[in-house]
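Let me begin by presenting the structure, written as structure tokens, before commenting on it.
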Amino acid sequence: MEINISPVVIKNFPDFKFLLKKLNDTKNLKCRAKPVAEFMHVFTNSSKDHRDLTDYLKEQNIQYYVVPSRAEKPIKIITKGLPCDTKTEEIEEGLTRKGFKVAKVNQLRRFRDKKPLDIFQVHLLKSENLNLQS
């Protein structure tokens, strides 16, 4: 099973080649970088290297961010046709009874007058019961 590790994204670092050399040589991190516009995506081979890299960037006060992997992001489902007065808690309880892991349920509203619509957005977390192709 291959683990997909999200890249660490660094923006506009002036001496990036020096930083990468320092990480690979002195910190003994095995990482590679790929420029994307004004950002540099740094990829690591293991979770430990990823943790060590982010710790080092924090110590050096270098700004970075990590985009969560697809496996961590919830699946968003839209349901239509339910009555407008349906409570979001009822939808959440019903899906939980069916074996789904519900992160949250939102009822969409009309933009102009904020009137509730019969459309609900459901955020589902990954589970064995969730078998969707993306």
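Naming scheme: A, B, ... for chains in displayed order of the structure tokens; residues 1 onward per chain; ligands 1 onward as shown.
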
Within 12 Å of region 27-30 of chain A, counting only C-alpha atoms, which residues qualify if same-chain residues fewer than 4 places away don't, as a count of residues only? 21

Please return, as a ChimeraX atom specification, all residues of chain A that DSSP assigns to strand (DSSP E or B) on the basis of the backbone. /A:8-11,31-36,39-44,64-66,75-80,101-109,116-125

I'd like to know which of A:Phe13, A:Phe120, A:Phe111, A:Phe18 is closest to Glu89 (chain A), using only C-alpha atoms.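 Looking only at the distances to Glu89 (chain A), the closest residue turns out to be A:Phe120.
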
Figure out the distance between CA of Ala103 (chain A) and CA of Ile78 (chain A), please, to one decimal in Å. 13.8 Å

Run DSSP on the backbone and tell me which residues of chain A come out as alpha helix (DSSP H); list them as a ChimeraX atom specification. /A:16-25,47-59,88-97

Pick from A:Gly94, A:Pro14, A:Pro83, A:Pro74, whichever lies nearest to Ser127 (chain A) using only C-alpha atoms: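 Once distances to Ser127 (chain A) are computed over only C-alpha atoms, the minimum belongs to A:Pro74.
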
Nearest to Lys104 (chain A), chosen from A:His41, A:Leu117, A:Thr86, A:Lys76, with only C-alpha atoms counted in the distances: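 Closest to Lys104 (chain A), using only C-alpha atoms: A:Lys76.
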
Return the single residue from A:Asp113, A:Lys73, A:Gly81, A:Glu92 that is closest to Lys126 (chain A), with distances computed using only C-alpha atoms.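 Answer, going by the shortest atom-to-atom distance: A:Lys73.
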
One decimal, Å: what's the distance from CA of Thr79 (chain A) over to CA of Gln121 (chain A), could you say?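 So the two atoms, CA of Thr79 (chain A) and CA of Gln121 (chain A), lie 6.5 Å apart.
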
What does the structure give for the distance between CA of Val9 (chain A) and CA of Ile77 (chain A), in Å to one decimal? 29.0 Å

Lys101 (chain A) environment, 12 Å, only C-alpha atoms, sequence neighbours closer than 3 positions dropped, as an MDAnalysis selection string: chainID A and resid 74:75 91:98 104:105 122:130

Can you work out which one of A:Leu82, A:Lys115, A:Glu38, A:Ala33 has the shortest atom-to-atom distance to Pro7 (chain A), counting only C-alpha atoms? A:Ala33
